[in-house]
>>> print(open('structure30.pdb').read())   # PDB, C-alpha atoms
ATOM      1  CA  MET A   1      23.133   3.979  -0.110
ATOM      2  CA  SER A   2      23.184   0.540  -1.723
ATOM      3  CA  GLN A   3      20.926  -0.316  -4.619
ATOM      4  CA  ARG A   4      17.652  -2.170  -3.968
ATOM      5  CA  THR A   5      16.226  -4.632  -6.492
ATOM      6  CA  LEU A   6      12.481  -4.780  -7.057
ATOM      7  CA  LEU A   7      10.892  -7.746  -8.842
ATOM      8  CA  LEU A   8       7.446  -7.271 -10.383
ATOM      9  CA  LEU A   9       5.145 -10.308 -10.218
ATOM     10  CA  SER A  10       1.785  -9.253 -11.623
ATOM     11  CA  GLN A  11      -0.506  -9.562 -14.597
ATOM     12  CA  ASP A  12       0.028  -5.789 -14.952
ATOM     13  CA  ASN A  13       3.848  -5.895 -14.943
ATOM     14  CA  ALA A  14       4.264  -3.731 -18.028
ATOM     15  CA  HIS A  15       2.014  -1.032 -16.589
ATOM     16  CA  TYR A  16       3.786  -1.087 -13.214
ATOM     17  CA  GLN A  17       7.177  -0.942 -14.920
ATOM     18  CA  ARG A  18       6.219   2.188 -16.860
ATOM     19  CA  LEU A  19       4.728   3.903 -13.807
ATOM     20  CA  LEU A  20       7.649   3.154 -11.495
ATOM     21  CA  GLN A  21      10.319   4.034 -14.038
ATOM     22  CA  ALA A  22       8.556   7.373 -14.537
ATOM     23  CA  ALA A  23       8.652   7.928 -10.751
ATOM     24  CA  ARG A  24      12.485   7.753 -10.857
ATOM     25  CA  LEU A  25      12.765   6.247  -7.393
ATOM     26  CA  PRO A  26      16.295   6.521  -5.973
ATOM     27  CA  HIS A  27      18.581   3.485  -5.764
ATOM     28  CA  LEU A  28      15.940   1.175  -7.234
ATOM     29  CA  ARG A  29      16.594  -1.423  -9.925
ATOM     30  CA  ILE A  30      13.374  -2.773 -11.446
ATOM     31  CA  LEU A  31      13.068  -6.311 -12.808
ATOM     32  CA  ARG A  32       9.947  -8.044 -14.036
ATOM     33  CA  ALA A  33       8.867 -11.657 -14.383
ATOM     34  CA  ASP A  34       5.771 -12.333 -16.446
ATOM     35  CA  SER A  35       5.799 -16.085 -15.797
ATOM     36  CA  PRO A  36       7.120 -18.551 -13.174
ATOM     37  CA  SER A  37       9.922 -19.593 -15.507
ATOM     38  CA  GLU A  38      11.060 -15.961 -15.783
ATOM     39  CA  ALA A  39      10.763 -15.445 -12.013
ATOM     40  CA  GLU A  40      12.930 -18.335 -10.794
ATOM     41  CA  PRO A  41      16.311 -17.005 -12.051
ATOM     42  CA  LEU A  42      15.501 -13.482 -10.758
ATOM     43  CA  ILE A  43      13.915 -14.084  -7.374
ATOM     44  CA  GLY A  44      17.255 -14.564  -5.604
ATOM     45  CA  GLU A  45      18.254 -10.997  -6.493
ATOM     46  CA  ALA A  46      15.085  -9.338  -5.164
ATOM     47  CA  HIS A  47      15.048  -7.271  -1.996
ATOM     48  CA  ILE A  48      11.462  -6.159  -2.706
ATOM     49  CA  LEU A  49       8.499  -7.720  -4.469
ATOM     50  CA  LEU A  50       5.509  -5.865  -5.892
ATOM     51  CA  ALA A  51       3.330  -8.873  -6.401
ATOM     52  CA  GLU A  52       0.025 -10.611  -6.539
ATOM     53  CA  PRO A  53       0.180 -12.820  -3.422
ATOM     54  CA  ALA A  54      -0.496 -16.086  -5.265
ATOM     55  CA  ARG A  55       2.398 -15.387  -7.655
ATOM     56  CA  ALA A  56       4.745 -14.577  -4.783
ATOM     57  CA  LYS A  57       3.964 -17.563  -2.565
ATOM     58  CA  PRO A  58       5.822 -20.339  -4.448
ATOM     59  CA  LEU A  59       8.904 -18.129  -4.787
ATOM     60  CA  LEU A  60       9.349 -17.013  -1.182
ATOM     61  CA  ALA A  61      11.667 -19.870  -0.245
ATOM     62  CA  LEU A  62      14.070 -18.793  -3.005
ATOM     63  CA  ALA A  63      14.003 -15.062  -2.140
ATOM     64  CA  HIS A  64      17.174 -15.030  -0.027
ATOM     65  CA  LYS A  65      17.548 -11.236   0.014
ATOM     66  CA  LEU A  66      13.884 -10.437   0.620
ATOM     67  CA  SER A  67      13.001  -7.604   3.015
ATOM     68  CA  TRP A  68       9.571  -6.432   1.875
ATOM     69  CA  VAL A  69       6.602  -7.632  -0.168
ATOM     70  CA  GLN A  70       4.094  -5.031  -1.349
ATOM     71  CA  SER A  71       0.937  -6.883  -2.318
ATOM     72  CA  SER A  72      -0.945  -5.441  -5.267
ATOM     73  CA  TYR A  73      -4.175  -6.644  -3.638
ATOM     74  CA  ALA A  74      -5.912  -6.035  -0.313
ATOM     75  CA  GLY A  75      -6.222  -9.775   0.368
ATOM     76  CA  VAL A  76      -2.996 -11.481   1.395
ATOM     77  CA  ASP A  77      -4.338 -14.588   3.144
ATOM     78  CA  VAL A  78      -2.394 -17.003   0.886
ATOM     79  CA  LEU A  79       0.805 -15.600   2.439
ATOM     80  CA  LEU A  80      -0.323 -15.951   6.040
ATOM     81  CA  GLY A  81      -0.390 -19.729   6.474
ATOM     82  CA  ASN A  82       2.063 -21.726   8.570
ATOM     83  CA  ASP A  83       3.585 -23.079   5.352
ATOM     84  CA  CYS A  84       4.881 -19.587   4.470
ATOM     85  CA  ARG A  85       7.867 -17.722   5.826
ATOM     86  CA  HIS A  86       7.084 -14.595   7.825
ATOM     87  CA  ASP A  87      10.537 -13.047   8.232
ATOM     88  CA  TYR A  88       9.896 -10.006   6.026
ATOM     89  CA  GLN A  89       7.597  -6.978   5.963
ATOM     90  CA  LEU A  90       4.296  -7.596   4.173
ATOM     91  CA  THR A  91       2.092  -4.671   3.164
ATOM     92  CA  ASN A  92      -1.199  -4.597   1.297
ATOM     93  CA  VAL A  93      -3.086  -1.864  -0.519
ATOM     94  CA  ARG A  94      -5.587   0.084   1.543
ATOM     95  CA  GLY A  95      -7.616   3.237   1.210
ATOM     96  CA  ILE A  96      -8.390   2.904  -2.511
ATOM     97  CA  PHE A  97     -11.235   0.386  -2.539
ATOM     98  CA  GLY A  98     -13.926   2.201  -0.550
ATOM     99  CA  PRO A  99     -15.535   4.062  -3.474
ATOM    100  CA  LEU A 100     -15.470   0.975  -5.722
ATOM    101  CA  MET A 101     -16.954  -1.269  -3.028
ATOM    102  CA  SER A 102     -19.680   1.286  -2.332
ATOM    103  CA  GLU A 103     -20.572   1.437  -6.020
ATOM    104  CA  TYR A 104     -20.842  -2.354  -6.064
ATOM    105  CA  VAL A 105     -22.942  -2.702  -2.907
ATOM    106  CA  PHE A 106     -25.351   0.143  -3.595
ATOM    107  CA  GLY A 107     -25.571  -0.589  -7.309
ATOM    108  CA  HIS A 108     -26.843  -4.084  -6.536
ATOM    109  CA  LEU A 109     -28.898  -2.948  -3.549
ATOM    110  CA  LEU A 110     -30.787  -0.324  -5.530
ATOM    111  CA  SER A 111     -31.269  -2.744  -8.407
ATOM    112  CA  LEU A 112     -32.849  -5.271  -6.050
ATOM    113  CA  THR A 113     -34.971  -2.918  -3.974
ATOM    114  CA  ARG A 114     -36.272  -1.109  -7.080
ATOM    115  CA  HIS A 115     -36.906  -4.427  -8.932
ATOM    116  CA  LEU A 116     -34.794  -3.432 -11.926
ATOM    117  CA  PRO A 117     -34.185  -7.007 -13.177
ATOM    118  CA  CYS A 118     -37.950  -7.590 -13.074
ATOM    119  CA  TYR A 119     -38.653  -4.456 -15.095
ATOM    120  CA  GLN A 120     -36.062  -5.456 -17.672
ATOM    121  CA  GLU A 121     -37.865  -8.771 -18.108
ATOM    122  CA  GLN A 122     -41.206  -6.985 -18.361
ATOM    123  CA  GLN A 123     -39.799  -4.651 -21.004
ATOM    124  CA  ALA A 124     -38.821  -7.636 -23.149
ATOM    125  CA  GLN A 125     -42.397  -8.924 -22.781
ATOM    126  CA  GLN A 126     -43.955  -5.474 -23.369
ATOM    127  CA  HIS A 127     -45.650  -5.918 -20.008
ATOM    128  CA  TRP A 128     -46.666  -2.792 -18.027
ATOM    129  CA  GLN A 129     -46.901  -3.518 -14.289
ATOM    130  CA  SER A 130     -45.668  -1.620 -11.253
ATOM    131  CA  HIS A 131     -44.258  -3.390  -8.175
ATOM    132  CA  PRO A 132     -44.267  -1.906  -4.653
ATOM    133  CA  TYR A 133     -40.929  -0.989  -3.114
ATOM    134  CA  GLN A 134     -39.498   0.496   0.044
ATOM    135  CA  GLY A 135     -36.824   3.192  -0.055
ATOM    136  CA  LEU A 136     -33.520   2.884   1.788
ATOM    137  CA  LYS A 137     -34.237   5.784   4.139
ATOM    138  CA  GLY A 138     -34.850   4.522   7.658
ATOM    139  CA  ARG A 139     -33.649   0.998   6.946
ATOM    140  CA  THR A 140     -30.737  -0.481   8.899
ATOM    141  CA  LEU A 141     -27.392  -1.301   7.289
ATOM    142  CA  LEU A 142     -24.934  -3.535   9.158
ATOM    143  CA  VAL A 143     -21.309  -3.462   8.003
ATOM    144  CA  LEU A 144     -18.943  -6.134   9.296
ATOM    145  CA  GLY A 145     -15.494  -4.577   9.203
ATOM    146  CA  THR A 146     -15.076  -0.878  10.000
ATOM    147  CA  GLY A 147     -11.791  -0.076   8.258
ATOM    148  CA  SER A 148     -11.485   2.276   5.298
ATOM    149  CA  ILE A 149     -13.769   0.190   3.050
ATOM    150  CA  GLY A 150     -16.399  -0.289   5.739
ATOM    151  CA  GLN A 151     -16.338   3.410   6.602
ATOM    152  CA  HIS A 152     -16.939   4.411   2.987
ATOM    153  CA  ILE A 153     -19.859   1.993   2.660
ATOM    154  CA  ALA A 154     -21.237   3.323   5.944
ATOM    155  CA  GLN A 155     -21.022   6.935   4.780
ATOM    156  CA  THR A 156     -22.769   6.032   1.535
ATOM    157  CA  GLY A 157     -25.515   4.394   3.590
ATOM    158  CA  LYS A 158     -25.877   7.567   5.641
ATOM    159  CA  HIS A 159     -26.237   9.525   2.384
ATOM    160  CA  PHE A 160     -29.327   7.419   1.643
ATOM    161  CA  GLY A 161     -30.710   8.065   5.122
ATOM    162  CA  MET A 162     -29.943   4.613   6.503
ATOM    163  CA  ARG A 163     -29.195   3.770  10.111
ATOM    164  CA  VAL A 164     -25.706   2.260  10.035
ATOM    165  CA  LEU A 165     -24.343  -0.276  12.510
ATOM    166  CA  GLY A 166     -20.847  -1.729  12.521
ATOM    167  CA  VAL A 167     -19.122  -4.782  13.917
ATOM    168  CA  SER A 168     -15.374  -4.928  14.454
ATOM    169  CA  ARG A 169     -12.829  -6.685  16.608
ATOM    170  CA  SER A 170     -12.410  -3.650  18.875
ATOM    171  CA  GLY A 171     -15.904  -2.160  18.799
ATOM    172  CA  HIS A 172     -14.366   1.330  18.640
ATOM    173  CA  GLU A 173     -16.354   4.222  17.169
ATOM    174  CA  ARG A 174     -15.739   4.915  13.490
ATOM    175  CA  ALA A 175     -16.744   7.683  11.093
ATOM    176  CA  GLY A 176     -20.080   7.094   9.382
ATOM    177  CA  PHE A 177     -21.426   4.583  11.911
ATOM    178  CA  ASP A 178     -24.252   5.279  14.331
ATOM    179  CA  GLU A 179     -23.054   2.457  16.590
ATOM    180  CA  VAL A 180     -20.177  -0.038  16.501
ATOM    181  CA  TYR A 181     -20.170  -3.344  18.372
ATOM    182  CA  GLN A 182     -17.685  -6.098  19.059
ATOM    183  CA  LEU A 183     -18.123  -9.471  17.368
ATOM    184  CA  ALA A 184     -19.743 -10.946  20.473
ATOM    185  CA  ALA A 185     -22.815  -8.744  19.846
ATOM    186  CA  LEU A 186     -23.298  -9.910  16.251
ATOM    187  CA  ASN A 187     -26.352 -12.116  16.870
ATOM    188  CA  ARG A 188     -28.159  -9.243  18.564
ATOM    189  CA  VAL A 189     -27.505  -6.681  15.826
ATOM    190  CA  LEU A 190     -28.341  -9.112  13.005
ATOM    191  CA  GLY A 191     -31.945  -9.102  14.170
ATOM    192  CA  GLN A 192     -32.137  -5.338  13.539
ATOM    193  CA  SER A 193     -30.464  -5.308  10.117
ATOM    194  CA  ASP A 194     -32.187  -5.085   6.735
ATOM    195  CA  VAL A 195     -28.923  -5.141   4.783
ATOM    196  CA  ILE A 196     -25.771  -6.983   5.913
ATOM    197  CA  VAL A 197     -22.405  -6.313   4.252
ATOM    198  CA  SER A 198     -19.280  -8.302   5.126
ATOM    199  CA  VAL A 199     -15.941  -6.774   4.228
ATOM    200  CA  LEU A 200     -14.103  -8.988   6.712
ATOM    201  CA  PRO A 201     -10.620 -10.378   6.050
ATOM    202  CA  ALA A 202      -9.843 -14.081   6.289
ATOM    203  CA  THR A 203      -8.792 -14.803   9.882
ATOM    204  CA  ARG A 204      -9.341 -17.562  12.418
ATOM    205  CA  GLU A 205     -12.141 -15.527  13.986
ATOM    206  CA  THR A 206     -13.983 -14.887  10.722
ATOM    207  CA  HIS A 207     -13.804 -18.409   9.237
ATOM    208  CA  HIS A 208     -17.402 -19.644   8.805
ATOM    209  CA  LEU A 209     -18.692 -16.746  10.872
ATOM    210  CA  PHE A 210     -22.019 -17.216   9.097
ATOM    211  CA  THR A 211     -23.448 -20.676   9.733
ATOM    212  CA  ARG A 212     -26.974 -22.050  10.064
ATOM    213  CA  GLU A 213     -27.116 -20.945  13.704
ATOM    214  CA  ARG A 214     -26.002 -17.431  12.776
ATOM    215  CA  PHE A 215     -28.521 -17.107   9.954
ATOM    216  CA  GLU A 216     -31.293 -17.927  12.415
ATOM    217  CA  HIS A 217     -30.592 -14.585  14.096
ATOM    218  CA  CYS A 218     -30.983 -12.608  10.863
ATOM    219  CA  LYS A 219     -34.000 -10.414  10.356
ATOM    220  CA  PRO A 220     -36.348 -12.309   8.009
ATOM    221  CA  GLY A 221     -36.076 -10.907   4.509
ATOM    222  CA  ALA A 222     -32.593  -9.418   4.981
ATOM    223  CA  ILE A 223     -30.178  -9.000   2.064
ATOM    224  CA  LEU A 224     -26.622 -10.288   2.571
ATOM    225  CA  PHE A 225     -23.522  -9.075   0.713
ATOM    226  CA  ASN A 226     -20.087 -10.667   0.935
ATOM    227  CA  VAL A 227     -17.309  -8.572  -0.599
ATOM    228  CA  GLY A 228     -14.636  -9.536   1.938
ATOM    229  CA  ARG A 229     -13.537 -13.172   1.917
ATOM    230  CA  GLY A 230     -15.518 -16.236   0.894
ATOM    231  CA  SER A 231     -14.446 -18.188   3.977
ATOM    232  CA  ALA A 232     -16.676 -16.007   6.185
ATOM    233  CA  ILE A 233     -19.803 -17.850   4.961
ATOM    234  CA  HIS A 234     -20.604 -21.561   5.195
ATOM    235  CA  THR A 235     -21.881 -22.209   1.681
ATOM    236  CA  GLN A 236     -24.396 -24.981   2.377
ATOM    237  CA  ASP A 237     -25.857 -23.109   5.341
ATOM    238  CA  LEU A 238     -26.260 -20.027   3.158
ATOM    239  CA  LEU A 239     -28.156 -22.069   0.567
ATOM    240  CA  ALA A 240     -30.480 -23.327   3.299
ATOM    241  CA  ALA A 241     -31.112 -19.789   4.569
ATOM    242  CA  LEU A 242     -31.933 -18.611   1.045
ATOM    243  CA  ALA A 243     -34.223 -21.581   0.385
ATOM    244  CA  SER A 244     -36.155 -21.080   3.630
ATOM    245  CA  GLY A 245     -36.611 -17.328   3.093
ATOM    246  CA  GLN A 246     -34.628 -16.497   6.228
ATOM    247  CA  LEU A 247     -32.581 -14.401   3.813
ATOM    248  CA  ALA A 248     -34.382 -12.724   0.931
ATOM    249  CA  GLN A 249     -31.298 -12.360  -1.227
ATOM    250  CA  ALA A 250     -27.536 -12.741  -1.222
ATOM    251  CA  VAL A 251     -24.976 -10.998  -3.408
ATOM    252  CA  LEU A 252     -21.596 -12.734  -3.411
ATOM    253  CA  ASP A 253     -18.378 -11.497  -4.974
ATOM    254  CA  VAL A 254     -16.132 -13.923  -3.069
ATOM    255  CA  PHE A 255     -16.323 -17.665  -2.500
ATOM    256  CA  GLU A 256     -14.703 -20.468  -0.524
ATOM    257  CA  GLN A 257     -13.351 -21.848  -3.796
ATOM    258  CA  GLU A 258     -12.408 -19.549  -6.666
ATOM    259  CA  PRO A 259     -13.091 -19.721  -9.532
ATOM    260  CA  LEU A 260     -16.495 -21.028  -8.501
ATOM    261  CA  PRO A 261     -16.781 -24.614  -9.838
ATOM    262  CA  ALA A 262     -19.206 -25.129 -12.716
ATOM    263  CA  ASP A 263     -21.094 -27.772 -10.722
ATOM    264  CA  SER A 264     -21.688 -25.502  -7.706
ATOM    265  CA  THR A 265     -25.334 -25.242  -6.640
ATOM    266  CA  LEU A 266     -24.792 -21.521  -6.117
ATOM    267  CA  TRP A 267     -25.006 -20.876  -9.863
ATOM    268  CA  SER A 268     -28.634 -21.998 -10.041
ATOM    269  CA  THR A 269     -29.898 -20.447  -6.812
ATOM    270  CA  PRO A 270     -32.623 -17.980  -7.872
ATOM    271  CA  ASN A 271     -32.252 -15.423  -5.068
ATOM    272  CA  LEU A 272     -28.470 -15.240  -5.330
ATOM    273  CA  ILE A 273     -26.325 -12.915  -7.446
ATOM    274  CA  ILE A 274     -22.794 -14.055  -8.333
ATOM    275  CA  THR A 275     -19.926 -11.874  -9.556
ATOM    276  CA  PRO A 276     -16.345 -13.071 -10.248
ATOM    277  CA  HIS A 277     -14.441 -11.338  -7.423
ATOM    278  CA  ASN A 278     -14.363  -8.003  -9.219
ATOM    279  CA  SER A 279     -16.180  -5.635  -6.864
ATOM    280  CA  ALA A 280     -13.008  -3.560  -6.477
ATOM    281  CA  TYR A 281     -10.117  -3.902  -8.900
ATOM    282  CA  SER A 282      -6.541  -2.960  -7.998
ATOM    283  CA  PHE A 283      -5.853  -0.317 -10.607
ATOM    284  CA  PRO A 284      -2.079  -0.160 -11.258
ATOM    285  CA  LYS A 285      -1.985   3.654 -11.080
ATOM    286  CA  ASP A 286      -3.370   3.587  -7.533
ATOM    287  CA  VAL A 287      -1.188   0.674  -6.397
ATOM    288  CA  ALA A 288       1.929   2.281  -7.866
ATOM    289  CA  GLN A 289       1.255   5.458  -5.889
ATOM    290  CA  ILE A 290       1.041   3.401  -2.697
ATOM    291  CA  PHE A 291       4.292   1.622  -3.572
ATOM    292  CA  VAL A 292       6.095   4.903  -4.274
ATOM    293  CA  ARG A 293       5.077   6.354  -0.906
ATOM    294  CA  ASN A 294       6.047   3.159   0.888
ATOM    295  CA  TYR A 295       9.380   2.878  -0.912
ATOM    296  CA  ILE A 296      10.416   6.313   0.344
ATOM    297  CA  ARG A 297       9.430   5.230   3.854
ATOM    298  CA  PHE A 298      11.322   1.957   3.354
ATOM    299  CA  ILE A 299      14.639   3.581   2.397
ATOM    300  CA  ASP A 300      14.225   6.140   5.189
ATOM    301  CA  GLY A 301      13.692   3.388   7.763
ATOM    302  CA  GLN A 302      10.161   4.537   8.589
ATOM    303  CA  PRO A 303       7.180   2.254   9.334
ATOM    304  CA  LEU A 304       5.399   1.128   6.168
ATOM    305  CA  ASP A 305       1.746   1.919   5.495
ATOM    306  CA  GLY A 306      -0.570  -1.066   5.290
ATOM    307  CA  ARG A 307       1.753  -3.435   7.149
ATOM    308  CA  ILE A 308       0.189  -6.810   7.897
ATOM    309  CA  ASP A 309       0.399  -8.423  11.329
ATOM    310  CA  PHE A 310       1.097 -12.081  10.500
ATOM    311  CA  ASP A 311      -0.508 -13.239  13.761
ATOM    312  CA  LYS A 312      -3.725 -11.224  13.398
ATOM    313  CA  GLY A 313      -3.997 -11.798   9.669
ATOM    314  CA  TYR A 314      -4.642  -8.145   8.764
TER     315      TYR A 314
END
>>> encode(input="structure30.pdb", output="structure tokens")
Amino acid sequence: MSQRTLLLLSQDNAHYQRLLQAARLPHLRILRADSPSEAEPLIGEAHILLAEPARAKPLLALAHKLSWVQSSYAGVDVLLGNDCRHDYQLTNVRGIFGPLMSEYVFGHLLSLTRHLPCYQEQQAQQHWQSHPYQGLKGRTLLVLGTGSIGQHIAQTGKHFGMRVLGVSRSGHERAGFDEVYQLAALNRVLGQSDVIVSVLPATRETHHLFTRERFEHCKPGAILFNVGRGSAIHTQDLLAALASGQLAQAVLDVFEQEPLPADSTLWSTPNLIITPHNSAYSFPKDVAQIFVRNYIRFIDGQPLDGRIDFDKGY
């Protein structure tokens, strides 16, 4: 069997190099490029990339031997545009983010519903006052996207006694969901939902899925989370929904433009929580394990796990 060359293109190159060398994968030569200037003379030798998508994109045209790109992230939308070549296998990381996403969603949800920020302020003022709250049991959670992440969030919701609805392209039943609907039913299920969580990828169908018209169907006082892709929400329409009280609160980890510009109105919106796209980090140990399993499949000619359909976008 001929040797394959892997080029590492990540902020965690040193960690990946140690992990993959320790795995002693057969017939694999490992190179690393910690900067664009280091990558350009090496990219022509690479059959495989383990890469952050944004680092890989400008190099694809020079990767003449390329067969496979293993993204170190779940999101690969920067590689899906018409300005990118699609004549190779692209895989992303799946199945490792569910627990982290659940921690993020329910950490913020419990903080909001139990008024924890308010109590922290009262503590600083030595002010003793209780505020009424409603538990999560019996409330309705809507999860947009019913893959591995959505299923984990759904199961966590069930643990708290929530009724859990899902929306997906197919509408097929999934573990942890009481009911799953196709996208066409979204307006109807929004009116039943106390908590809305989007884990949707960036596709043609999901671009600006939430607009002013969509927010009008939301249950007044609902809490919206976006931990999928920022393009799913029309920013100005979200601000209007928050200002009018149509939405009680939004928690955003992803945005249409990242990093979020300093002059964005989102920063100063009182009923909005902003985090810097860190709800679920790609830990190198987990990603390396996925790569190792996929590399064995790759050299055996088997289908790769997490393969992206360039037309569907996921």
>>> residues_around(input="structure30.pdb", residues="A:Leu238", least_positions_apart="4", cutoff="8 Å", atoms="only C-alpha atoms", output="list in words")
Phe210, Thr211, Arg212, Phe215, Ile233, His234 and Leu242 of chain A
>>> resolve_selection(input="structure30.pdb", expression="the PyMOL selection byres ((chain A and resi 25) around 12)", output="JSON, numbers by chain")
{"A": [3, 4, 5, 6, 17, 19, 20, 21, 22, 23, 24, 26, 27, 28, 29, 30, 288, 289, 291, 292, 293, 294, 295, 296, 297, 298, 299]}
>>> residues_around(input="structure30.pdb", residues="stretch 259-261 of chain A", least_positions_apart="2", cutoff="12 Å", atoms="only C-alpha atoms", output="PyMOL selection string")
chain A and resi 230+235+252-257+263-267+274-278
>>> write_last_selection(input="structure30.pdb", atoms="C-alpha atoms", output="PDB file, in the coordinates of the input")
ATOM      1  CA  GLY A 230     -15.518 -16.236   0.894  1.00  0.00           C
ATOM      2  CA  THR A 235     -21.881 -22.209   1.681  1.00  0.00           C
ATOM      3  CA  LEU A 252     -21.596 -12.734  -3.411  1.00  0.00           C
ATOM      4  CA  ASP A 253     -18.378 -11.497  -4.974  1.00  0.00           C
ATOM      5  CA  VAL A 254     -16.132 -13.923  -3.069  1.00  0.00           C
ATOM      6  CA  PHE A 255     -16.323 -17.665  -2.500  1.00  0.00           C
ATOM      7  CA  GLU A 256     -14.703 -20.468  -0.524  1.00  0.00           C
ATOM      8  CA  GLN A 257     -13.351 -21.848  -3.796  1.00  0.00           C
ATOM      9  CA  ASP A 263     -21.094 -27.772 -10.722  1.00  0.00           C
ATOM     10  CA  SER A 264     -21.688 -25.502  -7.706  1.00  0.00           C
ATOM     11  CA  THR A 265     -25.334 -25.242  -6.640  1.00  0.00           C
ATOM     12  CA  LEU A 266     -24.792 -21.521  -6.117  1.00  0.00           C
ATOM     13  CA  TRP A 267     -25.006 -20.876  -9.863  1.00  0.00           C
ATOM     14  CA  ILE A 274     -22.794 -14.055  -8.333  1.00  0.00           C
ATOM     15  CA  THR A 275     -19.926 -11.874  -9.556  1.00  0.00           C
ATOM     16  CA  PRO A 276     -16.345 -13.071 -10.248  1.00  0.00           C
ATOM     17  CA  HIS A 277     -14.441 -11.338  -7.423  1.00  0.00           C
ATOM     18  CA  ASN A 278     -14.363  -8.003  -9.219  1.00  0.00           C
TER      19      ASN A 278
END
>>> residues_near_point(input="structure30.pdb", point="(-20.9, 6.1, 7.8)", cutoff="6 Å", atoms="all atoms listed in the file", output="VMD selection string")
chain A and resid 151 154 to 155 158 175 to 177
>>> residues_around(input="structure30.pdb", residues="A:Val287", least_positions_apart="6", cutoff="9 Å", atoms="only C-alpha atoms", output="PDB file with C-alpha atoms, keeping the file's coordinate frame")
ATOM      1  CA  TYR A  16       3.786  -1.087 -13.214  1.00  0.00           C
ATOM      2  CA  SER A  71       0.937  -6.883  -2.318  1.00  0.00           C
ATOM      3  CA  SER A  72      -0.945  -5.441  -5.267  1.00  0.00           C
ATOM      4  CA  TYR A  73      -4.175  -6.644  -3.638  1.00  0.00           C
ATOM      5  CA  VAL A  93      -3.086  -1.864  -0.519  1.00  0.00           C
ATOM      6  CA  ILE A  96      -8.390   2.904  -2.511  1.00  0.00           C
TER       7      ILE A  96
END
>>> resolve_selection(input="structure30.pdb", expression="the PyMOL selection byres ((chain A and resi 132-149) around 8)", output="count of residues only")
38
>>> closest_residue(input="structure30.pdb", among="A:Glu216, A:Asp34, A:Glu45, A:Asp77", to="A:Asp237", atoms="all atoms listed in the file")
A:Glu216
>>> atom_distance(input="structure30.pdb", atom1="atom CA of A:Leu62", atom2="atom CA of A:Glu40")
7.9 Å
>>> atom_distance(input="structure30.pdb", atom1="atom CA of A:His86", atom2="atom CA of A:Asn226")
28.3 Å
>>> resolve_selection(input="structure30.pdb", expression="the PyMOL selection byres ((chain A and resi 61) around 12)", output="count of residues only")
20
>>> closest_residue(input="structure30.pdb", among="A:Val105, A:Val69, A:Ala248, A:Leu110", to="A:Arg307", atoms="all atoms listed in the file")
A:Val69
>>> axis_aligned_box(input="structure30.pdb", around="stretch 73-90 of chain A", padding_each_side="4 Å", output="JSON")
{"center_x": 2.2, "center_y": -14.6, "center_z": 2.5, "size_x": 24.8, "size_y": 25.0, "size_z": 20.2}
>>> atom_distance(input="structure30.pdb", atom1="atom CA of A:Leu224", atom2="atom CA of A:Gln249")
6.4 Å
>>> residues_near_point(input="structure30.pdb", point="(-39.1, -8.1, 6.2)", cutoff="10 Å", atoms="only C-alpha atoms", output="PyMOL selection string")
chain A and resi 193-194+219-223+246-248
>>> closest_residue(input="structure30.pdb", among="A:Cys118, A:Ala280, A:Leu9, A:Ala202", to="A:Ile48", atoms="all atoms listed in the file")
A:Leu9
